[in-house]
Structure formats: structure tokens, C-alpha cells
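Everything below concerns the one structure shown next.
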Amino acid sequence: MHDRILYVRLPCNPIFPIGVVYLADHIHKQFPAVSQRIFDLGAVPPLDYGPALDRCIDAFQPSLLVFSWRDIQIYAPVGGRGGNPLQYAFEFYYARHPLVRLRGALGGLRLAASYYTELWRNLGLIRRGLARSRRYCPTARVVVGGGAVSVFYEQLGRGLPQGTIVSVGEGEILLEKVLRQESLAQERCYIVGETRPRDRLIHEAPAPVEKAACDYDYIETIWPEFEYYLQTQDFYIGVQTKRGCPHNCCYCVYTVIEGKQVRINPADEVVAEMRQLYDRGVRNFWFTDAQFIPARKYIDDAVELLQKILASGMTDIHWAAYIRADNLTPALCDLMVKTGMNYFEIGITSGSQELVRKMRMGYNLRTVLENCRDLKAAGFNDLVSVNYSFNVIDERPETIRQTIAYHRELERIFGADKVEPAIFFIGLQPHTHLEDYAFEQGILKRGYDPMSLMPWTAKKLLWNPEPLGSFFGEVCLQAWERNPHDFGREVMAILEERLGCADLEEALRAPIAPLTTAPTPPLAPMPSLSNT
């Protein structure tokens with residue numbers, strides 16, 4: 001039996017590594033005699049990654065290495081990897097001024113170099129860790145998992161050492177079987193050089209796991225970097241209240257990674273976990289579920305949890321989550337405010353009910369507005385982040401006007417300063433309905449490399465197709481030029497200047513019969529950009 005497990009969280013943004021923590025906690029409960037250590041490269045300076053890993057392996061001498069790889073895809077409207085990837089892409093593809101295009105090209109080259117450098121570095125750290133471990137344990141093995149691996153498991157296998165176990169989705173039962181030296185044939189995994197991933201492996205249902213409160217007394221003993229995440233009072237610590245997402249949104253890969261079966265963690269266990277963190281000074285919690293209230297049938301579970309948080313005496317906490325606001329009730333809104341919710345995200349993607357339906361999101365936008373009014377009436381006066389992904393399937397000027405109308409109504413409910421529009425352009429990911437749609441429309445060819453950052457591939461994966469692609473590109477460039485520190489609100493303002501605002505009732509209606517979309521009329525050109 002493997003009896004010394006080293007969990008290595010590969011470098012990423014300083015986000016609490018809840019996946020690794022939960023894995024180590026689960027294994028300790030099932031195999032209390034197994035020695036474990038968590039090593040978080042997210043808390044290590046970049047120039048020290050390799051030497052720090054060597055030192056940790058030399059000291060611990062693991063027989064099993066478990067690498068957690070969180071991030072790969074980089075299409076996002078935020079800074080990172082030395083710049084803003086969305087801005088660089090739009091400058092290169094859509095800017096009219098040659099110097100702006102040159103700036104985008106140079107920024108894109110830096111971004112691509114950084115991306116491939118990180119990719120090769122992480123693969124190198126895995127190989128380095130395995131080789132170092134085999135100095136002490138010649139039979140040492142490697143398991144690689146995490147969010148990035150679950151999405152790109154087919155492509156990553158090409159760069160991993162022979163014998164690496166590539167884990168898709170949750171890893172608790174897989175690690176149990178590795179420790180017991182049982183067959184892995186039925187697990188969501190494959191072994192590099194020995195087996196091939198089954199067709200649609202990611203779509204297989206995860207094993208049900210009963211989740212108990214994480215034992216942070218134990219975690220503290222195996223994770224020296226734990227205090228790193230407790231030093232700042234504004235840092236949100238992750239707590240999971242459920243797994244799984246029952247929805248079918250066309251662009252989202254959560255529902256296949258976590259499975260459609262929602263598995264609720266017992267409310268008493270969630271509160272007990274929060275209490276342990278609370279007693280260590282934590283006051284900010286992020287509920288890391290795919291959706292905090294995924295459907296109306298889970299409202300009672302959310303009510304039970306919040307009532308127990310309220311009864312626990314943790315009255316000075318704040319919490320945040322990703323929430324489907326169509327599943328709120330007045331009683332739930334009241335509990336949310338009383339228990340300290342001070343931020344939430346809603347990903348409606350579009351303010352047009354027609355497009356929400358076409359993206360298979362299952363939202364009723366009218367209900368979302370009614371529930372937001374209930375939340376405001378309950379006393380919620382904090383920030384709301386609303387995710388919009390323009391130019392999705394069948395976007396047209398009239399649907400853009402509907403989204404503007406919808407957003408303005410949200411501003412009337414919460415206050416314009418409290419509603420932050422987060423403008424995303426969907427990064428097309430494997431294993432989604434949107435990928436199937438791209439194949440059907442001839443946008444992508446089967447066999448493409450979803451990890452490629454080459455311009456001819458990246459432009460397709462950063463979902464912004466014509467005929468509106470150039471229009472949105474220019475709108476975003478103008479927003480960055482006019483107000484780079486409030487990009488989302490500036491985009492909405494420019495779109496309203498250019499296209500106007502629909503009647504709200506128009507946004508809330510959606511035809512039942514499929515539309516035959518007429519060609520999008522040409523839009524007047526944007527002013528040339530001169531900022532270099």
C-alpha cells in the first residue's frame with residue numbers, strides 16, 4: 001500500500017486550494033495511517049518552484065504524488081499572464097489603427113509565450129517530481145487531476161510521464177483504489193502509455209461521496225502554507241455545500257465534470273466546517289458550488305443551511321456565491337441578508353429571453369427580476385456581478401438592445417453603482433454543446449487542438465463570430481480606450497449609444513417556435529481608435 005502521499009497544487013492565482021484539501025481530508029478519514037503532505041506552489045515565488053519542490057520531496061519522500069492543475073484556458077476579460085488576454089486578442093483582430101494592432105500582436109506574442117512556458121513548466125514539474133521521488137521510492141506513482149486536466153485530459157496525456165494516472169472530475173474514490181491497489185478500469189481516468197481514455201469519459205457520472213466536515217485540525221498539521229490564506233481579512237475561503245449541476249447550458253463544462261446529479265452536503269457538516277475556519281479568524285466564505293441554489297427543488301436545503309448558520313452564532317461573517325437568482329424566495333432572500341451575503345454572481349449571459357432559451361440555460365428572466373426585487377426589499381445593498389457573454393447563438397441588434405434594457409432594470413433595482421456587468425466572450429471548451437454546434441456550422445473541424453493558442457485557432461475558440469464579431473471587437477476597444485478601469489459599464493454605455501435600448505417587455509418574451517434568423521444588417525463603422 002502506498003503510505004506517503006504528497007499533494008502538489010501547481011502554480012495558479014492565489015485561490016484557496018479546496019480540491020486538494022478535501023482530497024487529503026477524505027483519504028485521512030478512510031486511511032488514518034497514511035502519511036500526507038500538502039505542498040502549494042501558489043504560495044511559492046516563481047523562481048523557486050523547482051528547488052522548493054525538490055526540498056519538499058527530499059524531506060517527505062513520497063510514494064504517491066498527486067498533482068492538482070487548476071488553470072489552462074486563458075480567454076478572460078481580466079489581467080493575467082502579463083496582460084489582458086481579451087484586450088490583446090481584440091486589438092490584434094479588430095483594431096483599425098496599425099499601431100494598436102501592433103500592440104495587440106506584441107501583447108499576444110507575450111501572452112502566447114507565457115502560456116506555453118507555463119504549460120511546459122507544469123509538465124516539467126510533474127516529471128521532475130516523479131524522478132525526484134523515485135530516488136527514495138523506486139515504485140513511486142503520479143496522479144494528475146484538477147479543473148484543467150478534467151477539460152483537456154485527452155490532450156495533456158501526450159506530455160505526461162508514462163504510467164501517469166490522469167484523473168477526470170472528482171478523485172476521492174480513485175485515490176482509494178490506488179491505495180488499495182485495486183483495478184482502476186471503472187474509474188474516470190486512464191493511465192498514460194497503458195490505457196486510452198474511453199469515449200466520452202468526461203460524461204460518465206462521478207461516484208457518490210458522502211461529504212463530512214473537513215477536519216482542519218488535521219489539515220493544519222500537513223499543510224505548512226495554510227496560514228498564507230488566513231493573513232488578509234478580505235480573502236474568501238472556499239466551502240462546498242453541494243456537488244453537481246442539473247442544467248444543460250450550451251457552453252458550460254461544469255455539468256459534465258461534476259455530473260447532473262446534485263449531491264447535497266449535510267447542513268450540519270457544512271456549518272461545522274465553517275465553524276473551524278471561523279475559530280481561526282476567517283470571516284469571509286465563498287460557497288464553491290457550481291450553483292448555490294441549482295434548482296427550485298433545492299431551495300429547502302439552502303434554507304436549512306442558512307438557518308443553521310444563523311443559529312450557530314457566526315453573526316459577523318460575510319459570504320458570496322454563484323447563484324441562479326430564478327430560484328430565490330422572499331424567505332430565502334431574508335436569510336441571505338441576515339447571514340451576511342455581501343456579493344453574488346449571476347450568469348444570465350444574455351438579457352434576451354430568446355437567447356437564454358437557445359443556449360439551453362433554463363432561466364426565466366422575468367422571474368430573476370422579481371426575485372432580485374425581493375432580495376433588495378430584504379435589505380441587500382451590496383455588489384452584484386452580472387455575467388454577459390455577447391454574440392452567442394443568434395445574437396442580433398435587437399437582442400443586444402434587449403440585454404441593455406434588462407441590465408438597466410437590474411440597475412434600477414439595486415442601484416447603478418451596485419450592478420457590475422462582467423463582459424465575457426465565451427471560451428469554447430471541449431465536451432460542450434457549443435463545441436458540437438461549432439462542428440455542425442463548420443466553424444471547427446474535428447480533431448482540432450483546443451489547447452492551441454495559434455491565431456487561426458484562438459480566434460475560433462474565443463467565441464465572437466461574424467457578422468457581429470468585428471462590431472463587438474470595436475465596441476470593446478473603444479471601451480478600453482474611454483474607461484479601462486470600468487470596462488463592463490463602458491461597454492454597456494457604448495452599445496446603448498450605438499443601438500439604443502429596447503422595451504423591457506420585449507426582452508422578457510421569447511417565441512416558442514424556432515426563429516429563422518434574417519441576415520444581420522450592416523452596422524455603421526466605429527470611430528477609428530488613435531490611442532497607442
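Following the order of the C-alpha cells, chains are lettered A, B, ..., residues in each are numbered from 1, and ligands are numbered from 1.
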**Request:** Could you tell me, as a VMD selection string, which residues of range 473-503 of chain A DSSP assigns to helix (DSSP H, G or I) when given the backbone?
**Result:** chain A and resid 473 to 482 484 to 499
Could you name the residues that touch Val368 in chain A at 10 Å or less, counting only C-alpha atoms, but leaving out those on the same chain fewer than 3 positions away, as a tab-separated table (two decimals) with N, CA, C and O atoms, in the first residue's frame?
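The result, written out as out21.tsv:
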chain	number	residue	atom	x	y	z
A	324	ARG	N	-28.20	31.08	-9.01
A	324	ARG	CA	-29.28	31.19	-10.00
A	324	ARG	C	-30.41	31.96	-9.34
A	324	ARG	O	-31.18	31.41	-8.53
A	325	ALA	N	-30.52	33.21	-9.69
A	325	ALA	CA	-31.46	34.09	-8.99
A	325	ALA	C	-32.92	33.78	-9.33
A	325	ALA	O	-33.82	34.35	-8.72
A	326	ASP	N	-33.16	32.89	-10.28
A	326	ASP	CA	-34.55	32.49	-10.54
A	326	ASP	C	-35.06	31.52	-9.49
A	326	ASP	O	-36.25	31.18	-9.49
A	327	ASN	N	-34.18	31.09	-8.57
A	327	ASN	CA	-34.60	30.12	-7.55
A	327	ASN	C	-34.70	30.73	-6.16
A	327	ASN	O	-34.67	30.00	-5.16
A	328	LEU	N	-34.82	32.04	-6.07
A	328	LEU	CA	-34.95	32.69	-4.77
A	328	LEU	C	-36.42	32.78	-4.36
A	328	LEU	O	-37.32	32.79	-5.19
A	346	ILE	N	-24.43	36.36	-10.87
A	346	ILE	CA	-25.45	35.67	-11.66
A	346	ILE	C	-24.98	35.66	-13.10
A	346	ILE	O	-24.54	36.67	-13.64
A	348	ILE	N	-26.43	35.28	-16.26
A	348	ILE	CA	-27.57	35.16	-17.18
A	348	ILE	C	-27.11	35.11	-18.64
A	348	ILE	O	-27.86	34.68	-19.51
A	363	TYR	N	-33.27	29.61	-17.71
A	363	TYR	CA	-33.63	30.79	-16.93
A	363	TYR	C	-34.97	31.36	-17.40
A	363	TYR	O	-35.25	31.40	-18.60
A	364	ASN	N	-35.76	31.84	-16.44
A	364	ASN	CA	-36.87	32.73	-16.76
A	364	ASN	C	-36.46	34.11	-16.29
A	364	ASN	O	-36.38	34.38	-15.09
A	365	LEU	N	-36.14	34.99	-17.23
A	365	LEU	CA	-35.58	36.29	-16.88
A	365	LEU	C	-36.58	37.16	-16.11
A	365	LEU	O	-36.18	37.99	-15.29
A	371	ASN	N	-37.32	38.17	-8.32
A	371	ASN	CA	-36.59	37.70	-7.14
A	371	ASN	C	-35.52	38.70	-6.72
A	371	ASN	O	-35.23	38.84	-5.52
A	372	CYS	N	-34.95	39.41	-7.67
A	372	CYS	CA	-33.98	40.45	-7.32
A	372	CYS	C	-34.68	41.58	-6.56
A	372	CYS	O	-34.11	42.17	-5.63
A	373	ARG	N	-35.90	41.88	-6.94
A	373	ARG	CA	-36.66	42.90	-6.18
A	373	ARG	C	-36.91	42.42	-4.75
A	373	ARG	O	-36.84	43.20	-3.79
A	374	ASP	N	-37.20	41.11	-4.60
A	374	ASP	CA	-37.37	40.56	-3.25
A	374	ASP	C	-36.09	40.67	-2.45
A	374	ASP	O	-36.11	40.97	-1.24
A	410	LEU	N	-32.01	45.91	-13.89
A	410	LEU	CA	-31.25	45.47	-12.73
A	410	LEU	C	-30.63	46.65	-11.99
A	410	LEU	O	-30.58	46.68	-10.75
**Straight-line distance linking CA of Leu508 in chain A with CA of Gln353 in chain A, stated in Å to one decimal** = 5.4 Å
**Request:** Show which residues sit within 12 Å of Asp449 in chain A, as a list in words. Count only C-alpha atoms, and ignore same-chain residues fewer than 3 positions away.
**Result:**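 After dropping sequence-adjacent residues, the list is Phe152, Glu154, Gln155, Leu156, Leu428, Gln429, Pro430, Leu444, Lys445, Arg446, Ser452, Leu453, Met454, Trp456, Thr457, Ala458, Lys460 and Leu461 of chain A.
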**Asked** Using only C-alpha atoms, which residues sit within 6 Å of Gly104 in chain A once same-chain residues fewer than 4 positions away are excluded, as a list in words?
**Response**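 In the requested form, the answer reads Tyr88, Glu91, Phe92 and Gly108 of chain A.
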Writer output for current selection, all heavy atoms, as a PDB file, in the first residue's frame:
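Saved as out_31.pdb:
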ATOM      1  N   TYR A  88      -5.756  42.060 -25.788  1.00  0.00           N
ATOM      2  CA  TYR A  88      -4.733  41.791 -26.802  1.00  0.00           C
ATOM      3  C   TYR A  88      -5.361  41.156 -28.041  1.00  0.00           C
ATOM      4  O   TYR A  88      -5.058  41.530 -29.182  1.00  0.00           O
ATOM      5  CB  TYR A  88      -3.669  40.851 -26.248  1.00  0.00           C
ATOM      6  CG  TYR A  88      -2.740  41.456 -25.232  1.00  0.00           C
ATOM      7  CD1 TYR A  88      -2.131  40.659 -24.261  1.00  0.00           C
ATOM      8  CD2 TYR A  88      -2.454  42.819 -25.223  1.00  0.00           C
ATOM      9  CE1 TYR A  88      -1.277  41.188 -23.318  1.00  0.00           C
ATOM     10  CE2 TYR A  88      -1.598  43.367 -24.279  1.00  0.00           C
ATOM     11  CZ  TYR A  88      -1.013  42.542 -23.327  1.00  0.00           C
ATOM     12  OH  TYR A  88      -0.166  43.075 -22.403  1.00  0.00           O
ATOM     13  N   GLU A  91      -7.462  43.757 -29.930  1.00  0.00           N
ATOM     14  CA  GLU A  91      -6.611  44.740 -30.618  1.00  0.00           C
ATOM     15  C   GLU A  91      -6.020  44.133 -31.886  1.00  0.00           C
ATOM     16  O   GLU A  91      -5.977  44.778 -32.935  1.00  0.00           O
ATOM     17  CB  GLU A  91      -5.489  45.209 -29.683  1.00  0.00           C
ATOM     18  CG  GLU A  91      -5.965  46.162 -28.597  1.00  0.00           C
ATOM     19  CD  GLU A  91      -4.854  46.584 -27.654  1.00  0.00           C
ATOM     20  OE1 GLU A  91      -3.785  45.937 -27.641  1.00  0.00           O
ATOM     21  OE2 GLU A  91      -5.060  47.573 -26.912  1.00  0.00           O
ATOM     22  N   PHE A  92      -5.566  42.901 -31.788  1.00  0.00           N
ATOM     23  CA  PHE A  92      -4.933  42.261 -32.951  1.00  0.00           C
ATOM     24  C   PHE A  92      -5.950  41.972 -34.061  1.00  0.00           C
ATOM     25  O   PHE A  92      -5.686  42.206 -35.237  1.00  0.00           O
ATOM     26  CB  PHE A  92      -4.249  40.961 -32.512  1.00  0.00           C
ATOM     27  CG  PHE A  92      -3.641  40.185 -33.639  1.00  0.00           C
ATOM     28  CD1 PHE A  92      -2.520  40.668 -34.312  1.00  0.00           C
ATOM     29  CD2 PHE A  92      -4.182  38.972 -34.043  1.00  0.00           C
ATOM     30  CE1 PHE A  92      -1.957  39.948 -35.363  1.00  0.00           C
ATOM     31  CE2 PHE A  92      -3.625  38.253 -35.087  1.00  0.00           C
ATOM     32  CZ  PHE A  92      -2.510  38.743 -35.749  1.00  0.00           C
ATOM     33  N   GLY A 108      -0.085  39.763 -27.605  1.00  0.00           N
ATOM     34  CA  GLY A 108      -0.477  38.385 -27.840  1.00  0.00           C
ATOM     35  C   GLY A 108       0.706  37.436 -27.880  1.00  0.00           C
ATOM     36  O   GLY A 108       0.631  36.299 -27.396  1.00  0.00           O
TER      37      GLY A 108
END
**Asked** Counting only C-alpha atoms, what is within 10 Å of range 110-122 of chain A, bar same-chain residues fewer than 3 positions away, as a VMD selection string?
**Response** chain A and resid 10 to 12 49 to 50 67 69 71 to 74 80 to 85 88 to 89 104 to 107 125 to 128 156 159 to 160 451 to 455
Could you write out the selected residues, including N, CA, C and O atoms, as a tab-separated table (two decimals), in the first residue's frame?
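The new file selection26.tsv reads:
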chain	number	residue	atom	x	y	z
A	10	LEU	N	-0.22	22.82	-8.40
A	10	LEU	CA	0.62	23.53	-9.36
A	10	LEU	C	0.32	25.02	-9.33
A	10	LEU	O	-0.77	25.44	-8.92
A	11	PRO	N	1.27	25.87	-9.76
A	11	PRO	CA	1.11	27.32	-9.63
A	11	PRO	C	-0.17	27.83	-10.29
A	11	PRO	O	-0.52	27.43	-11.40
A	12	CYS	N	-0.85	28.72	-9.59
A	12	CYS	CA	-2.01	29.40	-10.15
A	12	CYS	C	-2.25	30.64	-9.30
A	12	CYS	O	-1.49	30.93	-8.37
A	49	TYR	N	10.13	27.52	-7.80
A	49	TYR	CA	9.23	26.38	-7.96
A	49	TYR	C	9.97	25.04	-7.92
A	49	TYR	O	9.65	24.15	-7.14
A	50	GLY	N	10.95	24.89	-8.81
A	50	GLY	CA	11.66	23.61	-8.89
A	50	GLY	C	12.43	23.28	-7.63
A	50	GLY	O	12.25	22.19	-7.06
A	67	PHE	N	-0.80	15.58	-8.28
A	67	PHE	CA	-0.68	16.95	-8.76
A	67	PHE	C	-2.07	17.49	-9.09
A	67	PHE	O	-2.86	16.84	-9.79
A	69	TRP	N	-3.95	20.52	-11.04
A	69	TRP	CA	-3.71	21.52	-12.09
A	69	TRP	C	-5.03	22.23	-12.35
A	69	TRP	O	-5.96	21.66	-12.89
A	71	ASP	N	-5.69	25.66	-13.81
A	71	ASP	CA	-5.96	26.61	-14.91
A	71	ASP	C	-5.15	26.27	-16.15
A	71	ASP	O	-3.97	25.96	-16.07
A	72	ILE	N	-5.81	26.37	-17.30
A	72	ILE	CA	-5.11	26.37	-18.59
A	72	ILE	C	-5.71	27.43	-19.49
A	72	ILE	O	-5.03	28.36	-19.89
A	73	GLN	N	-7.00	27.32	-19.80
A	73	GLN	CA	-7.58	28.23	-20.78
A	73	GLN	C	-7.60	29.66	-20.25
A	73	GLN	O	-7.89	29.90	-19.08
A	74	ILE	N	-7.30	30.62	-21.11
A	74	ILE	CA	-6.99	31.97	-20.62
A	74	ILE	C	-7.87	33.05	-21.23
A	74	ILE	O	-7.59	34.22	-21.07
A	80	GLY	N	-3.73	39.17	-16.41
A	80	GLY	CA	-3.09	37.93	-16.01
A	80	GLY	C	-2.06	37.54	-17.04
A	80	GLY	O	-2.13	37.96	-18.20
A	81	ARG	N	-1.07	36.75	-16.64
A	81	ARG	CA	-0.01	36.33	-17.55
A	81	ARG	C	0.62	37.52	-18.26
A	81	ARG	O	0.91	37.49	-19.45
A	82	GLY	N	0.78	38.61	-17.55
A	82	GLY	CA	1.46	39.76	-18.12
A	82	GLY	C	0.58	40.67	-18.95
A	82	GLY	O	1.08	41.52	-19.68
A	83	GLY	N	-0.74	40.53	-18.86
A	83	GLY	CA	-1.59	41.43	-19.63
A	83	GLY	C	-3.02	40.94	-19.68
A	83	GLY	O	-3.38	39.93	-19.07
A	84	ASN	N	-3.84	41.65	-20.43
A	84	ASN	CA	-5.26	41.32	-20.57
A	84	ASN	C	-5.44	40.52	-21.85
A	84	ASN	O	-5.35	41.06	-22.95
A	85	PRO	N	-5.70	39.21	-21.76
A	85	PRO	CA	-5.76	38.39	-22.97
A	85	PRO	C	-6.87	38.79	-23.92
A	85	PRO	O	-6.69	38.74	-25.14
A	88	TYR	N	-5.76	42.06	-25.79
A	88	TYR	CA	-4.73	41.79	-26.80
A	88	TYR	C	-5.36	41.16	-28.04
A	88	TYR	O	-5.06	41.53	-29.18
A	89	ALA	N	-6.24	40.17	-27.81
A	89	ALA	CA	-6.85	39.49	-28.93
A	89	ALA	C	-7.69	40.46	-29.77
A	89	ALA	O	-7.61	40.45	-31.01
A	104	GLY	N	-1.43	44.93	-29.96
A	104	GLY	CA	-2.14	43.68	-29.69
A	104	GLY	C	-1.33	42.46	-30.10
A	104	GLY	O	-1.32	41.45	-29.39
A	105	ALA	N	-0.64	42.57	-31.24
A	105	ALA	CA	0.17	41.45	-31.70
A	105	ALA	C	1.32	41.17	-30.74
A	105	ALA	O	1.58	40.02	-30.39
A	106	LEU	N	1.99	42.24	-30.30
A	106	LEU	CA	3.10	42.05	-29.37
A	106	LEU	C	2.61	41.52	-28.03
A	106	LEU	O	3.23	40.64	-27.43
A	107	GLY	N	1.47	42.08	-27.56
A	107	GLY	CA	0.91	41.57	-26.32
A	107	GLY	C	0.49	40.11	-26.45
A	107	GLY	O	0.70	39.31	-25.54
A	125	LEU	N	7.48	20.18	-14.07
A	125	LEU	CA	7.42	19.98	-12.63
A	125	LEU	C	6.89	18.59	-12.28
A	125	LEU	O	7.35	17.96	-11.32
A	126	ILE	N	5.94	18.10	-13.06
A	126	ILE	CA	5.42	16.75	-12.82
A	126	ILE	C	6.51	15.71	-13.06
A	126	ILE	O	6.72	14.80	-12.25
A	127	ARG	N	7.21	15.84	-14.18
A	127	ARG	CA	8.29	14.90	-14.48
A	127	ARG	C	9.40	15.00	-13.42
A	127	ARG	O	9.95	13.98	-12.97
A	128	ARG	N	9.74	16.23	-13.05
A	128	ARG	CA	10.80	16.44	-12.06
A	128	ARG	C	10.42	15.82	-10.71
A	128	ARG	O	11.23	15.17	-10.05
A	156	LEU	N	-3.55	16.50	-22.68
A	156	LEU	CA	-2.45	16.55	-21.73
A	156	LEU	C	-1.69	15.23	-21.64
A	156	LEU	O	-0.51	15.20	-21.30
A	159	GLY	N	1.97	14.80	-22.96
A	159	GLY	CA	3.17	15.36	-22.34
A	159	GLY	C	3.48	14.82	-20.97
A	159	GLY	O	4.45	15.27	-20.34
A	160	LEU	N	2.69	13.87	-20.48
A	160	LEU	CA	2.88	13.36	-19.12
A	160	LEU	C	3.73	12.09	-19.13
A	160	LEU	O	3.75	11.35	-20.12
A	451	MET	N	-6.18	23.25	-27.07
A	451	MET	CA	-5.17	23.93	-26.26
A	451	MET	C	-4.29	24.85	-27.09
A	451	MET	O	-3.39	25.49	-26.55
A	452	SER	N	-4.54	24.92	-28.38
A	452	SER	CA	-3.70	25.74	-29.25
A	452	SER	C	-3.97	27.22	-29.04
A	452	SER	O	-5.13	27.64	-28.89
A	453	LEU	N	-2.91	28.00	-29.04
A	453	LEU	CA	-3.04	29.45	-28.96
A	453	LEU	C	-2.61	30.11	-30.26
A	453	LEU	O	-2.36	31.31	-30.31
A	454	MET	N	-2.52	29.32	-31.32
A	454	MET	CA	-2.21	29.90	-32.61
A	454	MET	C	-3.37	30.80	-33.07
A	454	MET	O	-4.53	30.47	-32.81
A	455	PRO	N	-3.06	31.93	-33.72
A	455	PRO	CA	-4.11	32.92	-34.03
A	455	PRO	C	-5.30	32.34	-34.78
A	455	PRO	O	-6.44	32.71	-34.52
**Prompt:** Suppose you want the space between CA of Ala320 in chain A and CA of Ile293 in chain A; what is it in Å?
**Reply:**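 The value is 12.4 Å.
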**Message:** With distances taken over only C-alpha atoms, which residue among A:Lys308, A:Arg360, A:Arg70, A:Lys29 lies nearest Ala267 in chain A?
**Reply:** A:Lys308
**Message:** So that I can check the surroundings of Thr288 in chain A, please list as a VMD selection string every protein, DNA and RNA residue that reaches within 6 Å of it, counting only C-alpha atoms and ignoring chain neighbours fewer than 2 positions away.
**Reply:** chain A and resid 238 to 240 286
